[in-house]
Amino acid sequence: MKRRTVLLGSAGVAAAAAAGVVLWRPDDRGAGHDAYFTRLNELLMREGPGHPVMLIDRARMNANIDYLANSVGPDKTYRVVVKSLPSTPLLQHVMARAKTNALMVFHRPFLNEIATRFPEADVLLGKPMPAQAAALFYAKLGATPFDPSRQLQWLIDSKDRLDEYHALARSRGVKMRINVEIDVGLHRGGLPEPEALDALLETIRGDAEHLEFAGFMGYEPHLTGVDGGLEHPAVVAVLERYRAFIARAQSIDSRLDPATLTLNGAGSHTLALYERDRTMNDLSAGSGVVMPTDFDTPLLAANTPALFIATPVLKRYDELRIPGDPWAAKLMQWWDPNRQRLYFIYGGYWKARYESPSGVPDPLYHSTNQEPLSTSASVDLAVGDHVFLRPTQSEHVMLQFGDLLVIDEGAIVDRWPVFQQTG
């Protein structure tokens with residue numbers, strides 16, 4: 001082979017390799033705030049506190065509440081999940097708009113808060129509590145019209161836990177309403193088979209002074225993303241299993257009327273599956289009201305994000321800066337057009353994803369103090385402008401920012417305090 005041929009061939013390979021490198025380089029995905037976030041940024045520049053805040057868009061939230069309530073329908077109870085909306089005025093707003101007084105609670109301090117703030121509420125525990133937590137609830141209940149013997153259902157997942165609660169009820173001289181957790185396919189706990197119900201109902205029926213059977217709870221988030229409705233095999237399996245527990249209870253006590261029991265299930269992800277179902281009469285939802293990113297699922301496609309973290313830009317650099325060798329930053333900046341500018345924001349490392357400006361790549365590293373945010377040259381923020389994120393969940397993240405700022409029609413219209421996690 002001639003030398004010229006070899007050189008030309010080598011040049012061709014090099015050119016092809018270079019073209020491949022260029023081909024695989026990321027596209028510029030950056031864009032500045034759209035009209036919606038521009039208005040929010042301007043509002044916070046005028047009236048914001050200058051530190052990270054949690055915003056709720058009231059108009060968007062109202063539309064989401066209406067969608068969920070309409071999906072539940074008039075013949076079932078819409079039960080609002082407190083852990084996903086941990087604020088008294090927020091819950092008051094949702095309950096009033098959805099015309100419900102039913103709540104689901106997952107945390108003992110929240111339970112005492114609910115008993116004080118919502119004395120007319122119908123409350124179902126969303127997970128089995130240790131007996132110590134149940135005892136502390138009664139010890140801290142204080143003077144309130146809330147009557148646990150009528151308005152509270154404790155969730156029981158086993159005979160052993162029922163025995164502990166039974167002992168507590170007798171020692172305190174109280175009556176405890178018992179809702180039984182059943183495993184309808186999630187396999188996270190609850191009674192595994194209808195036959196396991198026999199021993200529980202025998203204990204409950206044996207002491208009507210201290211125990212009362214109130215219903216079932218069968219949670220089924222494994223149905224999230226199901227493409228179909230009641231006819232889908234996975235949905236059919238859940239409902240058949242649920243009905244088997246109801247039938248078993250009626251075989252033990254023929255006087256039981258399912259219409260008088262709380263037959264709870266669903267969640268924001270799956271609530272819409274049951275619009276035509278008559279097995280469950282009590283459906284729960286919380287996060288779908290505000291739509292964190294984990295709830296961007298097919299059955300919630302009509303709902304709109306209504307919850308955002310807003311945090312100020314503290315520093316701006318028109319080049320990429322990273323700890324260590326500056327050449328690494330130059331190479332990264334050359335390779336990725338989305339790393340042309342660098343901002344440092346107030347706080348960071350929340351359970352959240354960047355929403356605006358758009359096209360933000362993953363942070364180079366995380367910091368809860370000043371998180372670095374790299375963007376393309378298409379993003380032009382000044383120090384003092386705000387960056388917006390969508391929480392991945394609401395239940396923990398909403399508790400990290402103090403009062404929730406409620407916005408509507410371009411104004412901050414209210415400030416809603418959140419629950420304390422201890423008490």
# chains A, B, ... in the order shown; residues from 1 in each chain; ligands from 1
call {"tool": "closest_atom_pairs", "arguments": {"of": "region 27-74 of chain A", "to": "region 374-380 of chain A", "cutoff": "9 Å", "atoms": "only C-alpha atoms", "output": "tab-separated table"}}
result
residue	atom	partner	partner_atom	distance
A:Asp28	CA	A:Ser376	CA	6.5
A:Arg29	CA	A:Ser376	CA	7.4
A:Gly30	CA	A:Ser376	CA	5.3
A:Ala31	CA	A:Val379	CA	5.4
A:Gly32	CA	A:Val379	CA	4.9
A:His33	CA	A:Val379	CA	8.3
call {"tool": "select_by_dssp", "arguments": {"residues": "region 51-297 of chain A", "states": "alpha helix (DSSP H)", "output": "PyMOL selection string"}}
result
chain A and resi 58-72+88-98+108-117+131-140+148-151+159-172+197-205+233-252
call {"tool": "closest_atom_pairs", "arguments": {"of": "region 223-285 of chain A", "to": "region 292-300 of chain A", "cutoff": "9 Å", "atoms": "only C-alpha atoms", "output": "Markdown table"}}
result
| residue | atom | partner | partner_atom | distance |
| --- | --- | --- | --- | --- |
| A:Thr224 | CA | A:Thr297 | CA | 7.5 |
| A:Gly225 | CA | A:Thr297 | CA | 6.2 |
| A:Val226 | CA | A:Pro298 | CA | 8.2 |
| A:Asp227 | CA | A:Pro298 | CA | 7.8 |
| A:Ser268 | CA | A:Phe295 | CA | 7.6 |
| A:His269 | CA | A:Leu299 | CA | 6.6 |
| A:Thr270 | CA | A:Leu299 | CA | 6.9 |
| A:Leu271 | CA | A:Leu299 | CA | 8.2 |
| A:Ala272 | CA | A:Leu299 | CA | 6.3 |
| A:Leu273 | CA | A:Leu299 | CA | 7.8 |
call {"tool": "residues_around", "arguments": {"residues": "region 38-51 of chain A", "least_positions_apart": "5", "cutoff": "12 Å", "atoms": "only C-alpha atoms", "output": "ChimeraX atom specification"}}
result
/A:32-33,56-57,308-314,345-348,356-357,369-370,381-388,401-413,415
call {"tool": "closest_residue", "arguments": {"among": "A:Pro128, A:Pro148, A:Gly229, A:Pro305", "to": "Ile114 (chain A)", "atoms": "only C-alpha atoms"}}
result
A:Pro148
call {"tool": "closest_atom_pairs", "arguments": {"of": "region 148-209 of chain A", "to": "region 254-261 of chain A", "cutoff": "12 Å", "atoms": "only C-alpha atoms", "output": "Markdown table"}}
result
| residue | atom | partner | partner_atom | distance |
| --- | --- | --- | --- | --- |
| A:Gln153 | CA | A:Leu261 | CA | 10.9 |
| A:Arg177 | CA | A:Leu261 | CA | 11.0 |
| A:Ile178 | CA | A:Leu261 | CA | 10.7 |
| A:Asn179 | CA | A:Leu261 | CA | 9.0 |
| A:Val180 | CA | A:Leu261 | CA | 11.1 |
| A:Leu201 | CA | A:Leu256 | CA | 11.5 |
| A:Arg205 | CA | A:Leu256 | CA | 11.7 |
call {"tool": "residues_around", "arguments": {"residues": "region 282-284 of chain A", "least_positions_apart": "2", "cutoff": "12 Å", "atoms": "only C-alpha atoms", "output": "compact mmCIF listing (two decimals) with C-alpha atoms, in the first residue's frame"}}
result
# COMPACT_ATOMS: atom_id res chain seq x y z
CA LEU A 68 -59.87 15.18 42.01
CA ALA A 69 -63.20 15.83 43.73
CA ASN A 70 -65.13 15.31 40.50
CA SER A 71 -63.22 12.07 39.89
CA VAL A 72 -64.25 10.76 43.32
CA GLY A 73 -67.84 11.73 42.62
CA PRO A 74 -70.79 12.44 44.94
CA ASP A 75 -71.35 8.85 46.10
CA LYS A 76 -67.93 8.34 47.69
CA THR A 77 -65.86 10.15 50.29
CA TYR A 78 -62.86 12.17 49.16
CA ARG A 79 -60.28 11.81 51.94
CA VAL A 80 -57.53 14.46 51.91
CA VAL A 81 -54.03 13.19 52.75
CA VAL A 82 -52.52 15.42 55.43
CA LYS A 83 -48.86 14.44 54.99
CA SER A 84 -48.97 15.71 51.42
CA THR A 100 -65.21 17.04 52.53
CA ALA A 102 -62.38 13.42 55.77
CA LEU A 103 -58.63 13.36 56.42
CA MET A 104 -55.89 10.73 56.36
CA VAL A 105 -53.04 11.23 58.85
CA ASP A 122 -63.39 12.28 60.14
CA VAL A 123 -59.85 10.90 60.50
CA LEU A 124 -58.30 7.66 59.25
CA LEU A 125 -54.72 6.73 60.07
CA GLY A 126 -52.72 6.02 56.93
CA GLY A 215 -63.55 -0.92 57.73
CA PHE A 216 -60.59 -1.69 55.47
CA MET A 217 -57.73 0.17 53.85
CA GLY A 218 -56.10 -1.35 50.76
CA TYR A 219 -53.38 0.83 49.23
CA GLU A 220 -52.31 0.02 45.68
CA PRO A 221 -49.63 2.38 44.30
CA PRO A 258 -70.38 -2.53 53.70
CA ALA A 259 -72.18 0.78 53.17
CA THR A 260 -71.62 1.63 56.84
CA LEU A 261 -67.88 0.81 56.72
CA THR A 262 -64.97 2.93 55.56
CA LEU A 263 -63.62 1.02 52.55
CA ASN A 264 -60.57 3.10 51.72
CA GLY A 265 -58.10 2.88 48.90
CA ALA A 266 -56.41 4.72 46.06
CA GLY A 267 -54.14 7.75 46.10
CA SER A 268 -53.51 10.60 43.70
CA HIS A 269 -51.84 8.24 41.23
CA THR A 270 -54.74 5.82 40.96
CA LEU A 271 -57.88 7.59 42.15
CA ALA A 272 -59.22 8.13 38.63
CA LEU A 273 -59.26 4.37 38.00
CA TYR A 274 -62.28 3.95 40.26
CA GLU A 275 -64.78 6.42 38.87
CA ASP A 277 -66.15 1.18 40.74
CA ARG A 278 -68.46 0.47 43.67
CA THR A 279 -66.12 -1.67 45.76
CA MET A 280 -64.44 1.14 47.69
CA GLY A 286 -53.21 14.70 48.53
CA SER A 287 -50.26 15.34 46.26
CA GLY A 288 -52.42 15.61 43.16
CA VAL A 289 -53.67 18.92 44.58
call {"tool": "atom_distance", "arguments": {"atom1": "CA of Asp318 (chain A)", "atom2": "CA of Gly359 (chain A)"}}
result
16.9 Å
call {"tool": "select_by_dssp", "arguments": {"residues": "region 190-223 of chain A", "states": "strand (DSSP E or B)", "output": "PDB file with N, CA and C atoms, in the first residue's frame"}}
result
ATOM      1  N   LEU A 191     -52.975  -7.441  56.261  1.00  0.00           N
ATOM      2  CA  LEU A 191     -53.342  -8.854  56.288  1.00  0.00           C
ATOM      3  C   LEU A 191     -53.095  -9.480  54.923  1.00  0.00           C
ATOM      4  N   LEU A 211     -63.479  -1.792  71.554  1.00  0.00           N
ATOM      5  CA  LEU A 211     -63.062  -1.937  70.157  1.00  0.00           C
ATOM      6  C   LEU A 211     -64.290  -1.927  69.246  1.00  0.00           C
ATOM      7  N   GLU A 212     -64.101  -1.372  68.047  1.00  0.00           N
ATOM      8  CA  GLU A 212     -65.163  -1.364  67.034  1.00  0.00           C
ATOM      9  C   GLU A 212     -64.528  -1.524  65.659  1.00  0.00           C
ATOM     10  N   PHE A 213     -65.065  -2.430  64.870  1.00  0.00           N
ATOM     11  CA  PHE A 213     -64.578  -2.613  63.503  1.00  0.00           C
ATOM     12  C   PHE A 213     -65.144  -1.515  62.617  1.00  0.00           C
ATOM     13  N   ALA A 214     -64.245  -0.791  61.904  1.00  0.00           N
ATOM     14  CA  ALA A 214     -64.682   0.376  61.133  1.00  0.00           C
ATOM     15  C   ALA A 214     -64.520   0.209  59.626  1.00  0.00           C
ATOM     16  N   GLY A 215     -63.696  -0.759  59.173  1.00  0.00           N
ATOM     17  CA  GLY A 215     -63.551  -0.923  57.732  1.00  0.00           C
ATOM     18  C   GLY A 215     -62.183  -1.445  57.325  1.00  0.00           C
ATOM     19  N   PHE A 216     -61.855  -1.209  56.041  1.00  0.00           N
ATOM     20  CA  PHE A 216     -60.595  -1.685  55.468  1.00  0.00           C
ATOM     21  C   PHE A 216     -59.860  -0.542  54.779  1.00  0.00           C
ATOM     22  N   MET A 217     -58.550  -0.711  54.687  1.00  0.00           N
ATOM     23  CA  MET A 217     -57.734   0.170  53.846  1.00  0.00           C
ATOM     24  C   MET A 217     -56.821  -0.706  52.994  1.00  0.00           C
ATOM     25  N   GLY A 218     -56.933  -0.579  51.680  1.00  0.00           N
ATOM     26  CA  GLY A 218     -56.103  -1.351  50.764  1.00  0.00           C
ATOM     27  C   GLY A 218     -55.398  -0.419  49.785  1.00  0.00           C
TER      28      GLY A 218
END
call {"tool": "atom_distance", "arguments": {"atom1": "CA of Arg97 (chain A)", "atom2": "CA of Arg117 (chain A)"}}
result
17.5 Å
